[in-house]
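Visitor: Got query-v8.pdb for you, PDB, N, CA and C atoms:
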ATOM      1  N   LEU A   1       5.478  22.894 -12.969
ATOM      2  CA  LEU A   1       6.423  21.778 -12.977
ATOM      3  C   LEU A   1       7.439  21.991 -11.864
ATOM      4  N   ASN A   2       7.419  21.132 -10.873
ATOM      5  CA  ASN A   2       8.361  21.236  -9.768
ATOM      6  C   ASN A   2       9.336  20.080  -9.849
ATOM      7  N   ARG A   3      10.529  20.337 -10.372
ATOM      8  CA  ARG A   3      11.544  19.297 -10.530
ATOM      9  C   ARG A   3      12.657  19.455  -9.506
ATOM     10  N   ALA A   4      12.430  20.249  -8.448
ATOM     11  CA  ALA A   4      13.423  20.415  -7.386
ATOM     12  C   ALA A   4      13.163  19.381  -6.295
ATOM     13  N   PRO A   5      14.099  18.454  -6.088
ATOM     14  CA  PRO A   5      13.907  17.471  -5.026
ATOM     15  C   PRO A   5      14.060  18.128  -3.651
ATOM     16  N   LEU A   6      13.614  17.445  -2.630
ATOM     17  CA  LEU A   6      13.683  17.988  -1.275
ATOM     18  C   LEU A   6      15.106  18.324  -0.854
ATOM     19  N   TRP A   7      16.086  17.617  -1.379
ATOM     20  CA  TRP A   7      17.480  17.829  -0.982
ATOM     21  C   TRP A   7      18.164  18.943  -1.773
ATOM     22  N   ALA A   8      17.478  19.547  -2.728
ATOM     23  CA  ALA A   8      18.077  20.617  -3.535
ATOM     24  C   ALA A   8      18.424  21.815  -2.661
ATOM     25  N   ASP A   9      19.566  22.410  -2.901
ATOM     26  CA  ASP A   9      20.011  23.598  -2.172
ATOM     27  C   ASP A   9      19.418  24.830  -2.858
ATOM     28  N   LEU A  10      18.228  25.200  -2.459
ATOM     29  CA  LEU A  10      17.503  26.288  -3.111
ATOM     30  C   LEU A  10      18.204  27.634  -2.971
ATOM     31  N   GLU A  11      18.897  27.847  -1.872
ATOM     32  CA  GLU A  11      19.643  29.101  -1.694
ATOM     33  C   GLU A  11      20.798  29.176  -2.692
ATOM     34  N   ALA A  12      21.495  28.079  -2.904
ATOM     35  CA  ALA A  12      22.600  28.056  -3.865
ATOM     36  C   ALA A  12      22.068  28.255  -5.284
ATOM     37  N   ILE A  13      20.920  27.676  -5.579
ATOM     38  CA  ILE A  13      20.305  27.847  -6.898
ATOM     39  C   ILE A  13      19.925  29.313  -7.106
ATOM     40  N   LYS A  14      19.335  29.914  -6.097
ATOM     41  CA  LYS A  14      18.951  31.330  -6.178
ATOM     42  C   LYS A  14      20.195  32.198  -6.420
ATOM     43  N   GLU A  15      21.284  31.898  -5.744
ATOM     44  CA  GLU A  15      22.531  32.646  -5.907
ATOM     45  C   GLU A  15      23.102  32.459  -7.321
ATOM     46  N   PHE A  16      22.988  31.243  -7.848
ATOM     47  CA  PHE A  16      23.465  30.952  -9.202
ATOM     48  C   PHE A  16      22.724  31.823 -10.210
ATOM     49  N   TYR A  17      21.410  31.895 -10.080
ATOM     50  CA  TYR A  17      20.608  32.744 -10.968
ATOM     51  C   TYR A  17      20.999  34.216 -10.820
ATOM     52  N   LYS A  18      21.194  34.642  -9.588
ATOM     53  CA  LYS A  18      21.536  36.031  -9.306
ATOM     54  C   LYS A  18      22.870  36.426  -9.948
ATOM     55  N   ASN A  19      23.787  35.479 -10.055
ATOM     56  CA  ASN A  19      25.128  35.757 -10.579
ATOM     57  C   ASN A  19      25.273  35.483 -12.070
ATOM     58  N   CYS A  20      24.179  35.269 -12.753
ATOM     59  CA  CYS A  20      24.231  34.991 -14.188
ATOM     60  C   CYS A  20      24.832  36.189 -14.921
ATOM     61  N   PRO A  21      25.889  35.943 -15.718
ATOM     62  CA  PRO A  21      26.513  37.053 -16.442
ATOM     63  C   PRO A  21      25.551  37.697 -17.441
ATOM     64  N   LYS A  22      25.739  38.960 -17.662
ATOM     65  CA  LYS A  22      24.914  39.704 -18.625
ATOM     66  C   LYS A  22      25.060  39.055 -20.003
ATOM     67  N   GLY A  23      23.931  38.904 -20.692
ATOM     68  CA  GLY A  23      23.935  38.308 -22.023
ATOM     69  C   GLY A  23      23.898  36.788 -22.008
ATOM     70  N   HIS A  24      23.780  36.208 -20.825
ATOM     71  CA  HIS A  24      23.713  34.753 -20.681
ATOM     72  C   HIS A  24      22.375  34.353 -20.073
ATOM     73  N   HIS A  25      22.051  33.091 -20.228
ATOM     74  CA  HIS A  25      20.885  32.490 -19.583
ATOM     75  C   HIS A  25      21.358  31.391 -18.651
ATOM     76  N   VAL A  26      20.562  31.110 -17.640
ATOM     77  CA  VAL A  26      20.792  29.911 -16.836
ATOM     78  C   VAL A  26      20.116  28.773 -17.587
ATOM     79  N   ASP A  27      20.883  27.749 -17.885
ATOM     80  CA  ASP A  27      20.402  26.610 -18.668
ATOM     81  C   ASP A  27      20.436  25.353 -17.815
ATOM     82  N   HIS A  28      19.427  24.518 -17.991
ATOM     83  CA  HIS A  28      19.452  23.188 -17.393
ATOM     84  C   HIS A  28      20.194  22.268 -18.358
ATOM     85  N   ILE A  29      21.296  21.702 -17.920
ATOM     86  CA  ILE A  29      22.103  20.824 -18.764
ATOM     87  C   ILE A  29      21.237  19.682 -19.278
ATOM     88  N   TYR A  30      20.554  19.020 -18.362
ATOM     89  CA  TYR A  30      19.542  18.018 -18.723
ATOM     90  C   TYR A  30      18.193  18.694 -18.568
ATOM     91  N   PRO A  31      17.478  18.907 -19.673
ATOM     92  CA  PRO A  31      16.230  19.677 -19.633
ATOM     93  C   PRO A  31      15.220  19.120 -18.633
ATOM     94  N   LEU A  32      14.430  20.011 -18.085
ATOM     95  CA  LEU A  32      13.396  19.597 -17.136
ATOM     96  C   LEU A  32      12.292  18.797 -17.822
ATOM     97  N   ARG A  33      12.127  19.015 -19.102
ATOM     98  CA  ARG A  33      11.116  18.291 -19.883
ATOM     99  C   ARG A  33      11.742  17.712 -21.144
ATOM    100  N   GLY A  34      12.743  16.875 -20.969
ATOM    101  CA  GLY A  34      13.397  16.252 -22.107
ATOM    102  C   GLY A  34      12.532  15.173 -22.729
ATOM    103  N   LYS A  35      12.805  14.843 -23.995
ATOM    104  CA  LYS A  35      12.030  13.803 -24.682
ATOM    105  C   LYS A  35      12.406  12.415 -24.196
ATOM    106  N   LYS A  36      13.700  12.194 -23.907
ATOM    107  CA  LYS A  36      14.168  10.875 -23.487
ATOM    108  C   LYS A  36      14.197  10.728 -21.975
ATOM    109  N   CYS A  37      14.571  11.777 -21.287
ATOM    110  CA  CYS A  37      14.565  11.782 -19.817
ATOM    111  C   CYS A  37      14.510  13.228 -19.360
ATOM    112  N   SER A  38      14.217  13.422 -18.119
ATOM    113  CA  SER A  38      14.101  14.770 -17.578
ATOM    114  C   SER A  38      15.099  14.962 -16.451
ATOM    115  N   GLY A  39      15.695  16.159 -16.430
ATOM    116  CA  GLY A  39      16.645  16.491 -15.379
ATOM    117  C   GLY A  39      15.938  17.078 -14.174
ATOM    118  N   LEU A  40      16.727  17.362 -13.168
ATOM    119  CA  LEU A  40      16.209  17.957 -11.947
ATOM    120  C   LEU A  40      16.634  19.413 -11.852
ATOM    121  N   HIS A  41      15.889  20.164 -11.064
ATOM    122  CA  HIS A  41      16.234  21.566 -10.805
ATOM    123  C   HIS A  41      17.160  21.582  -9.593
ATOM    124  N   VAL A  42      18.437  21.249  -9.846
ATOM    125  CA  VAL A  42      19.470  21.228  -8.816
ATOM    126  C   VAL A  42      20.687  21.979  -9.348
ATOM    127  N   LEU A  43      21.515  22.462  -8.449
ATOM    128  CA  LEU A  43      22.677  23.251  -8.824
ATOM    129  C   LEU A  43      23.575  22.516  -9.817
ATOM    130  N   GLU A  44      23.744  21.229  -9.622
ATOM    131  CA  GLU A  44      24.631  20.437 -10.481
ATOM    132  C   GLU A  44      24.124  20.323 -11.920
ATOM    133  N   ASN A  45      22.877  20.671 -12.157
ATOM    134  CA  ASN A  45      22.290  20.586 -13.486
ATOM    135  C   ASN A  45      22.163  21.959 -14.154
ATOM    136  N   LEU A  46      22.811  22.963 -13.590
ATOM    137  CA  LEU A  46      22.722  24.319 -14.129
ATOM    138  C   LEU A  46      24.050  24.761 -14.727
ATOM    139  N   GLN A  47      23.959  25.561 -15.765
ATOM    140  CA  GLN A  47      25.140  26.157 -16.379
ATOM    141  C   GLN A  47      24.738  27.495 -16.987
ATOM    142  N   TYR A  48      25.721  28.346 -17.215
ATOM    143  CA  TYR A  48      25.491  29.596 -17.925
ATOM    144  C   TYR A  48      25.796  29.363 -19.393
ATOM    145  N   LEU A  49      24.891  29.795 -20.250
ATOM    146  CA  LEU A  49      25.114  29.742 -21.692
ATOM    147  C   LEU A  49      24.821  31.109 -22.285
ATOM    148  N   PRO A  50      25.572  31.505 -23.306
ATOM    149  CA  PRO A  50      25.195  32.741 -24.001
ATOM    150  C   PRO A  50      23.728  32.625 -24.442
ATOM    151  N   ALA A  51      23.004  33.704 -24.341
ATOM    152  CA  ALA A  51      21.564  33.684 -24.621
ATOM    153  C   ALA A  51      21.252  33.063 -25.972
ATOM    154  N   GLU A  52      21.973  33.462 -27.008
ATOM    155  CA  GLU A  52      21.707  32.951 -28.355
ATOM    156  C   GLU A  52      21.900  31.423 -28.421
ATOM    157  N   GLU A  53      22.949  30.946 -27.768
ATOM    158  CA  GLU A  53      23.214  29.505 -27.771
ATOM    159  C   GLU A  53      22.135  28.746 -27.007
ATOM    160  N   ASN A  54      21.689  29.302 -25.898
ATOM    161  CA  ASN A  54      20.652  28.638 -25.118
ATOM    162  C   ASN A  54      19.347  28.551 -25.893
ATOM    163  N   LEU A  55      19.005  29.592 -26.632
ATOM    164  CA  LEU A  55      17.774  29.567 -27.418
ATOM    165  C   LEU A  55      17.855  28.525 -28.535
ATOM    166  N   LYS A  56      19.036  28.345 -29.101
ATOM    167  CA  LYS A  56      19.219  27.310 -30.125
ATOM    168  C   LYS A  56      19.178  25.917 -29.523
ATOM    169  N   LYS A  57      19.700  25.769 -28.321
ATOM    170  CA  LYS A  57      19.760  24.455 -27.656
ATOM    171  C   LYS A  57      18.365  23.915 -27.358
ATOM    172  N   GLY A  58      17.487  24.776 -26.914
ATOM    173  CA  GLY A  58      16.133  24.331 -26.588
ATOM    174  C   GLY A  58      16.135  23.250 -25.516
ATOM    175  N   CYS A  59      15.320  22.227 -25.704
ATOM    176  CA  CYS A  59      15.190  21.134 -24.728
ATOM    177  C   CYS A  59      16.010  19.909 -25.128
ATOM    178  N   ARG A  60      17.153  20.128 -25.727
ATOM    179  CA  ARG A  60      17.984  19.001 -26.151
ATOM    180  C   ARG A  60      18.865  18.503 -25.014
ATOM    181  N   MET A  61      19.135  17.218 -25.057
ATOM    182  CA  MET A  61      20.061  16.587 -24.124
ATOM    183  C   MET A  61      21.478  17.035 -24.498
ATOM    184  N   PRO A  62      22.433  16.984 -23.569
ATOM    185  CA  PRO A  62      23.803  17.419 -23.876
ATOM    186  C   PRO A  62      24.400  16.714 -25.097
ATOM    187  N   GLU A  63      24.171  15.430 -25.224
ATOM    188  CA  GLU A  63      24.733  14.669 -26.339
ATOM    189  C   GLU A  63      24.154  15.143 -27.677
ATOM    190  N   GLU A  64      22.860  15.404 -27.702
ATOM    191  CA  GLU A  64      22.212  15.881 -28.922
ATOM    192  C   GLU A  64      22.737  17.265 -29.299
ATOM    193  N   TRP A  65      22.874  18.124 -28.314
ATOM    194  CA  TRP A  65      23.314  19.488 -28.558
ATOM    195  C   TRP A  65      24.755  19.502 -29.061
ATOM    196  N   GLU A  66      25.619  18.697 -28.470
ATOM    197  CA  GLU A  66      27.020  18.662 -28.893
ATOM    198  C   GLU A  66      27.146  18.194 -30.337
ATOM    199  N   SER A  67      26.367  17.197 -30.728
ATOM    200  CA  SER A  67      26.450  16.706 -32.107
ATOM    201  C   SER A  67      25.938  17.757 -33.093
ATOM    202  N   ILE A  68      24.936  18.520 -32.732
ATOM    203  CA  ILE A  68      24.416  19.587 -33.592
ATOM    204  C   ILE A  68      25.443  20.713 -33.705
ATOM    205  N   LYS A  69      26.080  21.077 -32.589
ATOM    206  CA  LYS A  69      27.082  22.144 -32.604
ATOM    207  C   LYS A  69      28.261  21.757 -33.506
ATOM    208  N   GLU A  70      28.646  20.501 -33.498
ATOM    209  CA  GLU A  70      29.777  20.037 -34.314
ATOM    210  C   GLU A  70      29.475  20.172 -35.804
ATOM    211  N   ILE A  71      28.225  19.960 -36.187
ATOM    212  CA  ILE A  71      27.816  20.046 -37.592
ATOM    213  C   ILE A  71      27.885  21.493 -38.068
ATOM    214  N   ASN A  72      27.457  22.422 -37.208
ATOM    215  CA  ASN A  72      27.413  23.842 -37.601
ATOM    216  C   ASN A  72      28.735  24.460 -37.476
TER     217      ASN A  72
END
Turn this file's structure into structure tokens for me.

Guide:
Amino acid sequence: LNRAPLWADLEAIKEFYKNCPKGHHVDHIYPLRGKKCSGLHVLENLQYLPAEENLKKGCRMPEEWESIKEIN
């Protein structure tokens, strides 16, 4: 699955991954294979999440994840 557009800054993405804090994962804010829509592999769609939180988030959209977090 190649979701990186031609204009993506691949060097910046590589640096983002390299700087991921220990105990965190690099997460796609909008999943690359979402049920409603799919995000792109671009720097603006990346964030660091604690590993446990990222595993719980799965392929959920930000809105879905926020509503689930509020319940718990």

Visitor: Write out as a PyMOL selection string all residues of chain A that backbone DSSP assigns to alpha helix (DSSP H).

Guide: chain A and resi 10-18+51-57+62-71

Visitor: His24 (chain A): which residues within 8 Å, counting only C-alpha atoms, same-chain residues fewer than 3 positions away excluded, as a PyMOL selection string?

Guide: chain A and resi 20-21+48-51

Visitor: I'd like the interatomic distance between CA of Leu43 (chain A) and CA of Pro31 (chain A), to a tenth of an Å.

Guide: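 Computing it gives 13.1 Å between the two atoms.
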
Visitor: My list of candidates is A:Leu32, A:Lys14, A:Trp7, A:Asn19. Which is closest to Gly58 (chain A) when distances are computed with only C-alpha atoms?

Guide: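 Ranked by minimum distance to Gly58 (chain A), first place goes to A:Leu32.
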
Visitor: Write out as a ChimeraX atom specification which residues come within 9 Å of Gln47 (chain A) when counting only C-alpha atoms, dropping same-chain ones fewer than 4 positions away.

Guide: /A:16,25-29,43

Visitor: When you draw a straight line from CA of Glu11 (chain A) to CA of Glu44 (chain A), how long is it in Å?

Guide: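 Separating CA of Glu11 (chain A) from CA of Glu44 (chain A) is a distance of 13.3 Å.
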
Visitor: Looking at all atoms listed in the file, which of A:Arg60, A:Glu53, A:Glu70, A:Ile13 is the one that sits closest to His41 (chain A)?

Guide: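 Distance minimum relative to His41 (chain A) lands on A:Ile13.
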
Visitor: What separation in Å, quoted to one decimal, exists between CA of Arg3 (chain A) and atom C of Pro62 (chain A)?

Guide: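 CA of Arg3 (chain A) sits 19.6 Å away from atom C of Pro62 (chain A).
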
Visitor: I'd like to know which residues of chain A are strand (DSSP E or B) (by DSSP, run on the backbone); could you write them as JSON, numbers by chain?

Guide: {"A": [24, 25, 26, 27, 28, 46, 47, 48, 49, 50]}

Visitor: Write the residues you've just listed into a file as a short mmCIF file (atom, residue, chain, number, x, y, z; two decimals), in the frame of the given file, and include N, CA and C atoms for each of them.

Guide:
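Contents of the output file selection-v1.cif:
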data_model
loop_
_atom_site.label_atom_id
_atom_site.label_comp_id
_atom_site.auth_asym_id
_atom_site.auth_seq_id
_atom_site.Cartn_x
_atom_site.Cartn_y
_atom_site.Cartn_z
N HIS A 24 23.78 36.21 -20.82
CA HIS A 24 23.71 34.75 -20.68
C HIS A 24 22.38 34.35 -20.07
N HIS A 25 22.05 33.09 -20.23
CA HIS A 25 20.88 32.49 -19.58
C HIS A 25 21.36 31.39 -18.65
N VAL A 26 20.56 31.11 -17.64
CA VAL A 26 20.79 29.91 -16.84
C VAL A 26 20.12 28.77 -17.59
N ASP A 27 20.88 27.75 -17.89
CA ASP A 27 20.40 26.61 -18.67
C ASP A 27 20.44 25.35 -17.82
N HIS A 28 19.43 24.52 -17.99
CA HIS A 28 19.45 23.19 -17.39
C HIS A 28 20.19 22.27 -18.36
N LEU A 46 22.81 22.96 -13.59
CA LEU A 46 22.72 24.32 -14.13
C LEU A 46 24.05 24.76 -14.73
N GLN A 47 23.96 25.56 -15.76
CA GLN A 47 25.14 26.16 -16.38
C GLN A 47 24.74 27.50 -16.99
N TYR A 48 25.72 28.35 -17.22
CA TYR A 48 25.49 29.60 -17.92
C TYR A 48 25.80 29.36 -19.39
N LEU A 49 24.89 29.80 -20.25
CA LEU A 49 25.11 29.74 -21.69
C LEU A 49 24.82 31.11 -22.28
N PRO A 50 25.57 31.50 -23.31
CA PRO A 50 25.20 32.74 -24.00
C PRO A 50 23.73 32.62 -24.44
#

Visitor: As AutoDock Vina command-line options, please: the centre and edge lengths in Å, to one decimal, of an axis-aligned box enclosing every listed atom of region 20-33 of chain A with 3 Å added on each side.

Guide:
--center_x 18.8 --center_y 28.7 --center_z -17.4 --size_x 21.4 --size_y 28.0 --size_z 15.3

Visitor: Can you tell me, as a PyMOL selection string, what residues are no more than 8 Å from Asn2 (chain A) when counting only N, CA and C atoms, ignoring any on the same chain fewer than 2 positions away?

Guide: chain A and resi 4-5+40-41

Visitor: So that I can see what lies close to Glu64 (chain A), please list as a PDB file with N, CA and C atoms, in the coordinates of the input the residues with an atom at most 12 Å from it, counting only C-alpha atoms and leaving out residues fewer than 3 positions away in the same chain.

Guide:
ATOM      1  N   ILE A  29      21.296  21.702 -17.920  1.00  0.00           N
ATOM      2  CA  ILE A  29      22.103  20.824 -18.764  1.00  0.00           C
ATOM      3  C   ILE A  29      21.237  19.682 -19.278  1.00  0.00           C
ATOM      4  N   TYR A  30      20.554  19.020 -18.362  1.00  0.00           N
ATOM      5  CA  TYR A  30      19.542  18.018 -18.723  1.00  0.00           C
ATOM      6  C   TYR A  30      18.193  18.694 -18.568  1.00  0.00           C
ATOM      7  N   PRO A  31      17.478  18.907 -19.673  1.00  0.00           N
ATOM      8  CA  PRO A  31      16.230  19.677 -19.633  1.00  0.00           C
ATOM      9  C   PRO A  31      15.220  19.120 -18.633  1.00  0.00           C
ATOM     10  N   GLY A  34      12.743  16.875 -20.969  1.00  0.00           N
ATOM     11  CA  GLY A  34      13.397  16.252 -22.107  1.00  0.00           C
ATOM     12  C   GLY A  34      12.532  15.173 -22.729  1.00  0.00           C
ATOM     13  N   LYS A  35      12.805  14.843 -23.995  1.00  0.00           N
ATOM     14  CA  LYS A  35      12.030  13.803 -24.682  1.00  0.00           C
ATOM     15  C   LYS A  35      12.406  12.415 -24.196  1.00  0.00           C
ATOM     16  N   LYS A  36      13.700  12.194 -23.907  1.00  0.00           N
ATOM     17  CA  LYS A  36      14.168  10.875 -23.487  1.00  0.00           C
ATOM     18  C   LYS A  36      14.197  10.728 -21.975  1.00  0.00           C
ATOM     19  N   LYS A  56      19.036  28.345 -29.101  1.00  0.00           N
ATOM     20  CA  LYS A  56      19.219  27.310 -30.125  1.00  0.00           C
ATOM     21  C   LYS A  56      19.178  25.917 -29.523  1.00  0.00           C
ATOM     22  N   LYS A  57      19.700  25.769 -28.321  1.00  0.00           N
ATOM     23  CA  LYS A  57      19.760  24.455 -27.656  1.00  0.00           C
ATOM     24  C   LYS A  57      18.365  23.915 -27.358  1.00  0.00           C
ATOM     25  N   GLY A  58      17.487  24.776 -26.914  1.00  0.00           N
ATOM     26  CA  GLY A  58      16.133  24.331 -26.588  1.00  0.00           C
ATOM     27  C   GLY A  58      16.135  23.250 -25.516  1.00  0.00           C
ATOM     28  N   CYS A  59      15.320  22.227 -25.704  1.00  0.00           N
ATOM     29  CA  CYS A  59      15.190  21.134 -24.728  1.00  0.00           C
ATOM     30  C   CYS A  59      16.010  19.909 -25.128  1.00  0.00           C
ATOM     31  N   ARG A  60      17.153  20.128 -25.727  1.00  0.00           N
ATOM     32  CA  ARG A  60      17.984  19.001 -26.151  1.00  0.00           C
ATOM     33  C   ARG A  60      18.865  18.503 -25.014  1.00  0.00           C
ATOM     34  N   MET A  61      19.135  17.218 -25.057  1.00  0.00           N
ATOM     35  CA  MET A  61      20.061  16.587 -24.124  1.00  0.00           C
ATOM     36  C   MET A  61      21.478  17.035 -24.498  1.00  0.00           C
ATOM     37  N   SER A  67      26.367  17.197 -30.728  1.00  0.00           N
ATOM     38  CA  SER A  67      26.450  16.706 -32.107  1.00  0.00           C
ATOM     39  C   SER A  67      25.938  17.757 -33.093  1.00  0.00           C
ATOM     40  N   ILE A  68      24.936  18.520 -32.732  1.00  0.00           N
ATOM     41  CA  ILE A  68      24.416  19.587 -33.592  1.00  0.00           C
ATOM     42  C   ILE A  68      25.443  20.713 -33.705  1.00  0.00           C
ATOM     43  N   LYS A  69      26.080  21.077 -32.589  1.00  0.00           N
ATOM     44  CA  LYS A  69      27.082  22.144 -32.604  1.00  0.00           C
ATOM     45  C   LYS A  69      28.261  21.757 -33.506  1.00  0.00           C
ATOM     46  N   GLU A  70      28.646  20.501 -33.498  1.00  0.00           N
ATOM     47  CA  GLU A  70      29.777  20.037 -34.314  1.00  0.00           C
ATOM     48  C   GLU A  70      29.475  20.172 -35.804  1.00  0.00           C
ATOM     49  N   ILE A  71      28.225  19.960 -36.187  1.00  0.00           N
ATOM     50  CA  ILE A  71      27.816  20.046 -37.592  1.00  0.00           C
ATOM     51  C   ILE A  71      27.885  21.493 -38.068  1.00  0.00           C
TER      52      ILE A  71
END

Visitor: Taking the partial coordinates given, rebuild region 16-37 of chain A to contain N, CA, C and O atoms; return it as a compact mmCIF listing (two decimals), in the coordinates of the input.

Guide:
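Once everything was written out, this is out29.txt:
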# COMPACT_ATOMS: atom_id res chain seq x y z
N PHE A 16 22.99 31.24 -7.85
CA PHE A 16 23.46 30.95 -9.20
C PHE A 16 22.72 31.82 -10.21
O PHE A 16 23.33 32.43 -11.09
N TYR A 17 21.41 31.90 -10.08
CA TYR A 17 20.61 32.74 -10.97
C TYR A 17 21.00 34.22 -10.82
O TYR A 17 21.13 34.94 -11.80
N LYS A 18 21.19 34.64 -9.59
CA LYS A 18 21.54 36.03 -9.31
C LYS A 18 22.87 36.43 -9.95
O LYS A 18 23.04 37.57 -10.38
N ASN A 19 23.79 35.48 -10.06
CA ASN A 19 25.13 35.76 -10.58
C ASN A 19 25.27 35.48 -12.07
O ASN A 19 26.40 35.49 -12.59
N CYS A 20 24.18 35.27 -12.75
CA CYS A 20 24.23 34.99 -14.19
C CYS A 20 24.83 36.19 -14.92
O CYS A 20 24.36 37.32 -14.77
N PRO A 21 25.89 35.94 -15.72
CA PRO A 21 26.51 37.05 -16.44
C PRO A 21 25.55 37.70 -17.44
O PRO A 21 24.69 37.02 -18.01
N LYS A 22 25.74 38.96 -17.66
CA LYS A 22 24.91 39.70 -18.62
C LYS A 22 25.06 39.06 -20.00
O LYS A 22 26.15 38.69 -20.42
N GLY A 23 23.93 38.90 -20.69
CA GLY A 23 23.94 38.31 -22.02
C GLY A 23 23.90 36.79 -22.01
O GLY A 23 23.98 36.15 -23.05
N HIS A 24 23.78 36.21 -20.82
CA HIS A 24 23.71 34.75 -20.68
C HIS A 24 22.38 34.35 -20.07
O HIS A 24 21.67 35.17 -19.49
N HIS A 25 22.05 33.09 -20.23
CA HIS A 25 20.88 32.49 -19.58
C HIS A 25 21.36 31.39 -18.65
O HIS A 25 22.41 30.80 -18.87
N VAL A 26 20.56 31.11 -17.64
CA VAL A 26 20.79 29.91 -16.84
C VAL A 26 20.12 28.77 -17.59
O VAL A 26 18.93 28.85 -17.91
N ASP A 27 20.88 27.75 -17.89
CA ASP A 27 20.40 26.61 -18.67
C ASP A 27 20.44 25.35 -17.82
O ASP A 27 21.36 25.16 -17.03
N HIS A 28 19.43 24.52 -17.99
CA HIS A 28 19.45 23.19 -17.39
C HIS A 28 20.19 22.27 -18.36
O HIS A 28 19.76 22.11 -19.50
N ILE A 29 21.30 21.70 -17.92
CA ILE A 29 22.10 20.82 -18.76
C ILE A 29 21.24 19.68 -19.28
O ILE A 29 21.19 19.40 -20.47
N TYR A 30 20.55 19.02 -18.36
CA TYR A 30 19.54 18.02 -18.72
C TYR A 30 18.19 18.69 -18.57
O TYR A 30 17.81 19.07 -17.46
N PRO A 31 17.48 18.91 -19.67
CA PRO A 31 16.23 19.68 -19.63
C PRO A 31 15.22 19.12 -18.63
O PRO A 31 15.16 17.91 -18.39
N LEU A 32 14.43 20.01 -18.08
CA LEU A 32 13.40 19.60 -17.14
C LEU A 32 12.29 18.80 -17.82
O LEU A 32 11.62 17.99 -17.19
N ARG A 33 12.13 19.02 -19.10
CA ARG A 33 11.12 18.29 -19.88
C ARG A 33 11.74 17.71 -21.14
O ARG A 33 11.32 18.02 -22.25
N GLY A 34 12.74 16.88 -20.97
CA GLY A 34 13.40 16.25 -22.11
C GLY A 34 12.53 15.17 -22.73
O GLY A 34 11.63 14.63 -22.09
N LYS A 35 12.80 14.84 -24.00
CA LYS A 35 12.03 13.80 -24.68
C LYS A 35 12.41 12.42 -24.20
O LYS A 35 11.56 11.54 -24.09
N LYS A 36 13.70 12.19 -23.91
CA LYS A 36 14.17 10.88 -23.49
C LYS A 36 14.20 10.73 -21.98
O LYS A 36 13.94 9.65 -21.45
N CYS A 37 14.57 11.78 -21.29
CA CYS A 37 14.56 11.78 -19.82
C CYS A 37 14.51 13.23 -19.36
O CYS A 37 14.71 14.14 -20.15
